[in-house]
Protein chains: 2
Amino acid sequence: MSLTIVGSMAFDAIETPFAKTDKTIGGSGIYCAYAASNFTSQINQVSIVGYDFPKEEMTDLNKLGVNTAGVEIVPDKKSFFWSGKYHLDMNTRDTLITELNVLADFNPILPESYQTTEYLLLGNLAPVVQKAVIQQLKIRPKLIVLDTMNFWMEVALNDLHEVLKMVDVLVVNDSEARQLTGEYSIVKAAKKILTMGPKHLIIKKGEHGALLFHNDAIFFAPALPMEDVFDPTGAGDAFAGGFVGYLAKTDDLSFENMKTAIIMGSVTASFCVEKLGAERLKTITPQDVTARAKQFLALTDFKLV
Amino acid sequence: MSLTIVGSMAFDAIETPFAKTDKTIGGSGIYCAYAASNFTSQINQVSIVGYDFPKEEMTDLNKLGVNTAGVEIVPDKKSFFWSGKYHLDMNTRDTLITELNVLADFNPILPESYQTTEYLLLGNLAPVVQKAVIQQLKIRPKLIVLDTMNFWMEVALNDLHEVLKMVDVLVVNDSEARQLTGEYSIVKAAKKILTMGPKHLIIKKGEHGALLFHNDAIFFAPALPMEDVFDPTGAGDAFAGGFVGYLAKTDDLSFENMKTAIIMGSVTASFCVEKLGAERLKTITPQDVTARAKQFLALTDFKLV
């Protein structure tokens, strides 16, 4: 099934306790696309870049089956730039620089060829932009997955609530779930969010794994215990991309298959943090995915007698 | 198989955002014993109490199969008293009062009838006391499980290292594992601890579950997502008691069975936090355990195609 991904394509400067780069390719759209490409080669990318975005990066994406017809190239502006530095715990980071550049005017126009998309992943962007994409689709996709962050809860809460009513799955982290609901208990927060629109909710807990909520059912996907997290940048996007990519591949929206999809999201995120930026995501093989998924199975598998 | 538990029996005053009591029965030995009693009725208790400790509490334990011959009653001193107040997140607490009373002179003497014990759980106490118990046993138990805390790493690190060499399983939380090793990465910390003596290591992460490390194998037991944690006091002890209780019942030290034992520890801890103090632990039925264990299974169960 075809999957449309909306997200930023950018330059990042990243510093972690283990690594540093002044310029690497990043942005939610990049991480989501590379992650999803491990599962499906029918990807429609929607994004915006400046004149400085490398053509080879586009070609690399095209080779994986990513259609970049929906990536607008602005000839007289620079690409989005983000710079961040991680603390020792890798769970917190300081944003040092945010230069919106082209992203300030992002008003995505979906190519006609994207109209038949069955799966839609709305990466972390302004809720009005996310809404505009949904409204351009004449046939509603089978599944719309929305990623967002605390920033939009602070500056565009009403818009966010509007778009929440239009989607099937929301992906947030634990502190964002708390912020969105005012509930400290994750279970109570989840119950509230499931009344806001999405029928499925994923709450990411970083190194502590992720929870899937649907009606009264809960599934817990662990994170892989790792000796070192080299660079956590993009792990959340890789998770979302792997999750939706697997669903687009299998085209099965049962709770059972959603559980496996979340594991595939966790698998993809576990690769993402092994190297700087999106480096590792670009080199994952199907064998890597299968082997790592088995590791996840072994991690939580137990018998009741 | 018979299980000997060494731990405090005390009065607690507890305040959480949901509940408050000025006096309830607590102490690691109480939580461990009630937890283990769900799985085995051959429990030898080793502890010390003052003249003020209620006789009915002893009788209640005896009814469950807990032998209290090893509980010293000091006629002219008061029982250990602890008072604590939890913060809203329930993961942090302030100790308001610690009155050691009888615990200051705790020098456990094991009754002759305890000598044949196959399983030994050393609750959180001074490492010299834990060591003294091991040394009194003429036949080494099949399995010795040690619980400890950051306090002993600060005031008795050398003693702790000595006792670590004598045990099979260490139970600590994530911050204690970091403190003991100086490693931030939990996986690296685990590898270091497994060179210190114990062949199995359990790292508890509170609401984020627990990890079991053995050689290169890792098992992850989730915590049950709960709407409310009423009172976390004793959850760690309940976890340890449930874990060892299940092992004493099944008498199988394979990694496979250790995994199930950790789930049983998590099951027991999940009951513990539902009510104030040890209240809920006293009323768990075998049906409760079975049903909750199935919930844990459903929580992480997924299929790979």
# chains A, B, ... in the order shown; residues from 1 in each chain; ligands from 1
call {"tool": "residues_around", "arguments": {"residues": "B:Lys303", "least_positions_apart": "2", "cutoff": "10 Å", "atoms": "only C-alpha atoms", "output": "PyMOL selection string"}}
result
(chain A and resi 256-257+259-260+263+297) or (chain B and resi 301+305)
call {"tool": "interface_residues", "arguments": {"of": "chain B", "to": "chain A", "cutoff": "7 Å", "atoms": "only C-alpha atoms", "output": "ChimeraX atom specification"}}
result
/B:185,187-188,208,218-221,225-228,259-260,299-300,302-304
call {"tool": "write_last_selection", "arguments": {"atoms": "N, CA and C atoms", "output": "short mmCIF file (atom, residue, chain, number, x, y, z; two decimals), in the first residue's frame"}}
result
data_model
loop_
_atom_site.label_atom_id
_atom_site.label_comp_id
_atom_site.auth_asym_id
_atom_site.auth_seq_id
_atom_site.Cartn_x
_atom_site.Cartn_y
_atom_site.Cartn_z
N SER B 185 25.21 3.98 31.61
CA SER B 185 24.47 2.98 30.83
C SER B 185 24.10 1.79 31.71
N VAL B 187 23.15 -1.12 30.82
CA VAL B 187 23.73 -2.37 30.30
C VAL B 187 25.19 -2.49 30.74
N LYS B 188 25.93 -1.40 30.65
CA LYS B 188 27.32 -1.42 31.11
C LYS B 188 27.40 -1.65 32.62
N HIS B 208 8.62 1.68 35.29
CA HIS B 208 9.12 1.29 33.96
C HIS B 208 9.52 -0.18 33.89
N ILE B 218 19.30 -10.98 28.47
CA ILE B 218 18.52 -9.94 29.16
C ILE B 218 17.04 -10.27 29.02
N PHE B 219 16.32 -10.16 30.14
CA PHE B 219 14.87 -10.28 30.10
C PHE B 219 14.28 -9.01 30.69
N PHE B 220 13.21 -8.55 30.06
CA PHE B 220 12.56 -7.35 30.54
C PHE B 220 11.14 -7.65 31.01
N ALA B 221 10.85 -7.36 32.26
CA ALA B 221 9.49 -7.51 32.78
C ALA B 221 8.86 -6.13 32.89
N PRO B 225 0.72 -0.97 33.68
CA PRO B 225 0.26 0.42 33.66
C PRO B 225 -1.00 0.56 34.53
N MET B 226 -0.97 1.47 35.50
CA MET B 226 -2.07 1.59 36.45
C MET B 226 -2.62 3.00 36.45
N GLU B 227 -3.94 3.11 36.66
CA GLU B 227 -4.55 4.44 36.74
C GLU B 227 -3.98 5.22 37.92
N ASP B 228 -3.93 4.56 39.06
CA ASP B 228 -3.39 5.21 40.25
C ASP B 228 -2.48 4.27 41.01
N LYS B 259 12.67 -15.92 34.54
CA LYS B 259 11.86 -14.93 33.85
C LYS B 259 10.43 -14.92 34.41
N THR B 260 9.86 -16.12 34.53
CA THR B 260 8.51 -16.20 35.09
C THR B 260 8.49 -15.70 36.54
N LEU B 299 0.14 -8.03 27.99
CA LEU B 299 0.74 -6.70 27.86
C LEU B 299 1.90 -6.66 26.88
N THR B 300 2.69 -7.73 26.82
CA THR B 300 3.89 -7.71 25.96
C THR B 300 3.86 -8.76 24.86
N PHE B 302 3.39 -10.50 21.50
CA PHE B 302 3.16 -10.14 20.08
C PHE B 302 3.71 -11.26 19.20
N LYS B 303 3.30 -11.23 17.94
CA LYS B 303 3.71 -12.28 17.00
C LYS B 303 4.61 -11.69 15.92
N LEU B 304 5.59 -12.47 15.53
CA LEU B 304 6.38 -12.13 14.34
C LEU B 304 5.96 -13.06 13.22
#
call {"tool": "closest_residue", "arguments": {"among": "A:His214, A:Lys275, A:His161, A:Arg280", "to": "A:Gln130", "atoms": "only C-alpha atoms"}}
result
A:His161
call {"tool": "residues_around", "arguments": {"residues": "B:Asn62", "least_positions_apart": "4", "cutoff": "10 Å", "atoms": "only C-alpha atoms", "output": "list in words"}}
result
Ser41, Ile43, Asn44, Gln45, Glu56, Glu57, Met58, Val66, Asn67, Thr68 and Ala69 of chain B
call {"tool": "write_last_selection", "arguments": {"atoms": "N, CA and C atoms", "output": "mmCIF file, in the first residue's frame"}}
result
data_model
loop_
_atom_site.group_PDB
_atom_site.id
_atom_site.type_symbol
_atom_site.label_atom_id
_atom_site.label_comp_id
_atom_site.auth_asym_id
_atom_site.auth_seq_id
_atom_site.Cartn_x
_atom_site.Cartn_y
_atom_site.Cartn_z
ATOM 1 N N SER B 41 4.383 -21.840 51.555
ATOM 2 C CA SER B 41 4.014 -21.705 52.969
ATOM 3 C C SER B 41 5.134 -22.212 53.878
ATOM 4 N N ILE B 43 8.035 -20.681 55.097
ATOM 5 C CA ILE B 43 8.854 -19.467 55.227
ATOM 6 C C ILE B 43 9.403 -19.352 56.649
ATOM 7 N N ASN B 44 10.699 -19.124 56.724
ATOM 8 C CA ASN B 44 11.355 -18.875 58.016
ATOM 9 C C ASN B 44 11.691 -17.394 58.102
ATOM 10 N N GLN B 45 11.099 -16.729 59.059
ATOM 11 C CA GLN B 45 11.308 -15.280 59.169
ATOM 12 C C GLN B 45 12.430 -14.987 60.157
ATOM 13 N N GLU B 56 -0.876 -10.082 67.259
ATOM 14 C CA GLU B 56 -1.772 -10.557 66.187
ATOM 15 C C GLU B 56 -1.047 -10.578 64.836
ATOM 16 N N GLU B 57 -0.121 -9.633 64.669
ATOM 17 C CA GLU B 57 0.622 -9.608 63.406
ATOM 18 C C GLU B 57 1.472 -10.869 63.264
ATOM 19 N N MET B 58 2.034 -11.303 64.370
ATOM 20 C CA MET B 58 2.812 -12.551 64.365
ATOM 21 C C MET B 58 1.893 -13.728 64.045
ATOM 22 N N VAL B 66 4.312 -18.840 57.988
ATOM 23 C CA VAL B 66 5.575 -18.160 58.287
ATOM 24 C C VAL B 66 6.008 -18.513 59.714
ATOM 25 N N ASN B 67 7.154 -19.163 59.815
ATOM 26 C CA ASN B 67 7.747 -19.513 61.096
ATOM 27 C C ASN B 67 8.425 -18.264 61.666
ATOM 28 N N THR B 68 7.999 -17.845 62.854
ATOM 29 C CA THR B 68 8.572 -16.625 63.430
ATOM 30 C C THR B 68 9.513 -16.922 64.602
ATOM 31 N N ALA B 69 10.001 -18.172 64.661
ATOM 32 C CA ALA B 69 10.964 -18.530 65.716
ATOM 33 C C ALA B 69 12.216 -17.655 65.629
#
call {"tool": "residues_around", "arguments": {"residues": "A:Phe39", "least_positions_apart": "5", "cutoff": "7 Å", "atoms": "only C-alpha atoms", "output": "list in words"}}
result
Gly245, Tyr246 and Lys249 of chain A
call {"tool": "write_last_selection", "arguments": {"atoms": "N, CA and C atoms", "output": "mmCIF file, in the first residue's frame"}}
result
data_model
loop_
_atom_site.group_PDB
_atom_site.id
_atom_site.type_symbol
_atom_site.label_atom_id
_atom_site.label_comp_id
_atom_site.auth_asym_id
_atom_site.auth_seq_id
_atom_site.Cartn_x
_atom_site.Cartn_y
_atom_site.Cartn_z
ATOM 1 N N GLY A 245 5.269 2.291 8.272
ATOM 2 C CA GLY A 245 5.807 1.535 7.141
ATOM 3 C C GLY A 245 5.390 0.075 7.212
ATOM 4 N N TYR A 246 5.469 -0.501 8.401
ATOM 5 C CA TYR A 246 5.074 -1.907 8.568
ATOM 6 C C TYR A 246 3.576 -2.084 8.326
ATOM 7 N N LYS A 249 2.925 -1.957 4.661
ATOM 8 C CA LYS A 249 3.369 -3.205 4.033
ATOM 9 C C LYS A 249 2.348 -4.320 4.232
#
call {"tool": "closest_residue", "arguments": {"among": "A:Ala10, A:Met1, A:Ile48, A:Leu194", "to": "A:Ile30", "atoms": "only C-alpha atoms"}}
result
A:Ala10
call {"tool": "atom_distance", "arguments": {"atom1": "atom CA of A:Gly65", "atom2": "atom CA of A:Gln42"}}
result
5.8 Å
call {"tool": "select_by_dssp", "arguments": {"residues": "stretch 27-273 of chain A", "states": "alpha helix (DSSP H)", "output": "ChimeraX atom specification"}}
result
/A:28-36,55-63,127-136,150-155,157-164,174-181,186-193,235-250,255-272
call {"tool": "residues_around", "arguments": {"residues": "A:Val171", "least_positions_apart": "5", "cutoff": "10 Å", "atoms": "only C-alpha atoms", "output": "PDB file with N, CA and C atoms, in the first residue's frame"}}
result
ATOM      1  N   GLY A 123       4.130  13.979  10.081  1.00  0.00           N
ATOM      2  CA  GLY A 123       5.237  14.215  11.012  1.00  0.00           C
ATOM      3  C   GLY A 123       5.009  15.489  11.806  1.00  0.00           C
ATOM      4  N   ASN A 124       5.850  15.687  12.804  1.00  0.00           N
ATOM      5  CA  ASN A 124       5.724  16.809  13.707  1.00  0.00           C
ATOM      6  C   ASN A 124       5.888  18.149  12.986  1.00  0.00           C
ATOM      7  N   VAL A 145      -1.864   8.849  10.760  1.00  0.00           N
ATOM      8  CA  VAL A 145      -1.068   8.859  11.996  1.00  0.00           C
ATOM      9  C   VAL A 145      -0.498  10.258  12.184  1.00  0.00           C
ATOM     10  N   LEU A 146      -0.673  10.775  13.377  1.00  0.00           N
ATOM     11  CA  LEU A 146      -0.234  12.141  13.669  1.00  0.00           C
ATOM     12  C   LEU A 146       0.855  12.148  14.734  1.00  0.00           C
ATOM     13  N   ASP A 147       1.948  12.811  14.418  1.00  0.00           N
ATOM     14  CA  ASP A 147       2.989  13.050  15.417  1.00  0.00           C
ATOM     15  C   ASP A 147       2.906  14.523  15.780  1.00  0.00           C
ATOM     16  N   THR A 148       3.167  14.861  17.026  1.00  0.00           N
ATOM     17  CA  THR A 148       3.171  16.270  17.413  1.00  0.00           C
ATOM     18  C   THR A 148       4.130  16.442  18.584  1.00  0.00           C
ATOM     19  N   MET A 149       4.196  17.640  19.148  1.00  0.00           N
ATOM     20  CA  MET A 149       5.088  17.840  20.297  1.00  0.00           C
ATOM     21  C   MET A 149       4.563  18.936  21.209  1.00  0.00           C
ATOM     22  N   GLU A 176       4.354  14.781  26.930  1.00  0.00           N
ATOM     23  CA  GLU A 176       3.375  15.441  26.058  1.00  0.00           C
ATOM     24  C   GLU A 176       1.953  14.947  26.360  1.00  0.00           C
ATOM     25  N   ALA A 177       1.815  13.648  26.655  1.00  0.00           N
ATOM     26  CA  ALA A 177       0.496  13.109  27.010  1.00  0.00           C
ATOM     27  C   ALA A 177      -0.008  13.768  28.289  1.00  0.00           C
ATOM     28  N   PRO A 198      -8.428  10.399  18.147  1.00  0.00           N
ATOM     29  CA  PRO A 198      -7.725   9.174  17.729  1.00  0.00           C
ATOM     30  C   PRO A 198      -8.277   7.940  18.446  1.00  0.00           C
ATOM     31  N   HIS A 200      -6.522   5.125  18.391  1.00  0.00           N
ATOM     32  CA  HIS A 200      -5.304   4.476  18.877  1.00  0.00           C
ATOM     33  C   HIS A 200      -4.354   5.560  19.371  1.00  0.00           C
ATOM     34  N   LEU A 201      -3.677   5.264  20.458  1.00  0.00           N
ATOM     35  CA  LEU A 201      -2.719   6.223  21.006  1.00  0.00           C
ATOM     36  C   LEU A 201      -1.416   5.493  21.317  1.00  0.00           C
ATOM     37  N   ILE A 202      -0.324   6.078  20.864  1.00  0.00           N
ATOM     38  CA  ILE A 202       0.994   5.539  21.224  1.00  0.00           C
ATOM     39  C   ILE A 202       1.691   6.547  22.117  1.00  0.00           C
ATOM     40  N   ILE A 203       2.087   6.106  23.304  1.00  0.00           N
ATOM     41  CA  ILE A 203       2.866   6.971  24.191  1.00  0.00           C
ATOM     42  C   ILE A 203       4.286   6.430  24.257  1.00  0.00           C
ATOM     43  N   LYS A 204       5.223   7.226  23.745  1.00  0.00           N
ATOM     44  CA  LYS A 204       6.633   6.836  23.744  1.00  0.00           C
ATOM     45  C   LYS A 204       7.282   7.219  25.066  1.00  0.00           C
ATOM     46  N   ALA A 210       7.481   1.907  24.783  1.00  0.00           N
ATOM     47  CA  ALA A 210       6.304   2.622  24.279  1.00  0.00           C
ATOM     48  C   ALA A 210       5.044   1.827  24.587  1.00  0.00           C
ATOM     49  N   LEU A 211       3.951   2.548  24.792  1.00  0.00           N
ATOM     50  CA  LEU A 211       2.662   1.924  25.099  1.00  0.00           C
ATOM     51  C   LEU A 211       1.676   2.214  23.984  1.00  0.00           C
ATOM     52  N   LEU A 212       0.894   1.203  23.619  1.00  0.00           N
ATOM     53  CA  LEU A 212      -0.200   1.376  22.658  1.00  0.00           C
ATOM     54  C   LEU A 212      -1.523   1.219  23.400  1.00  0.00           C
ATOM     55  N   GLY A 236      12.395   9.153  17.603  1.00  0.00           N
ATOM     56  CA  GLY A 236      10.936   9.197  17.628  1.00  0.00           C
ATOM     57  C   GLY A 236      10.342   9.157  16.222  1.00  0.00           C
ATOM     58  N   ASP A 237      10.971   9.865  15.287  1.00  0.00           N
ATOM     59  CA  ASP A 237      10.509   9.838  13.892  1.00  0.00           C
ATOM     60  C   ASP A 237      10.747   8.460  13.272  1.00  0.00           C
ATOM     61  N   PHE A 239      10.791   5.700  14.839  1.00  0.00           N
ATOM     62  CA  PHE A 239       9.771   4.841  15.440  1.00  0.00           C
ATOM     63  C   PHE A 239       8.458   4.967  14.653  1.00  0.00           C
ATOM     64  N   ALA A 240       8.019   6.207  14.429  1.00  0.00           N
ATOM     65  CA  ALA A 240       6.760   6.442  13.713  1.00  0.00           C
ATOM     66  C   ALA A 240       6.846   5.914  12.282  1.00  0.00           C
TER      67      ALA A 240
END
call {"tool": "residues_around", "arguments": {"residues": "A:Asp288", "least_positions_apart": "3", "cutoff": "10 Å", "atoms": "only C-alpha atoms", "output": "list in words"}}
result
Val267, Thr268, Phe271, Thr283, Ile284, Thr285, Ala291, Arg292 and Ala293 of chain A
call {"tool": "residues_around", "arguments": {"residues": "stretch 131-134 of chain A", "least_positions_apart": "5", "cutoff": "10 Å", "atoms": "only C-alpha atoms", "output": "VMD selection string"}}
result
chain A and resid 6 46 107 to 110 120 122 126 139 to 141 144 159 to 160 162 to 164 166 to 167
call {"tool": "closest_residue", "arguments": {"among": "A:Ala235, A:Ile73, A:Leu64, A:Ala248", "to": "A:Met90", "atoms": "only C-alpha atoms"}}
result
A:Ala235
call {"tool": "select_by_dssp", "arguments": {"residues": "stretch 99-299 of chain B", "states": "strand (DSSP E)", "output": "ChimeraX atom specification"}}
result
/B:99,119-122,143-147,169-173,200-204,210-214,217-221
call {"tool": "atom_distance", "arguments": {"atom1": "atom CA of A:Leu125", "atom2": "atom CA of A:Thr181"}}
result
20.0 Å
call {"tool": "atom_distance", "arguments": {"atom1": "atom CA of B:Glu274", "atom2": "atom CA of B:Pro17"}}
result
13.3 Å
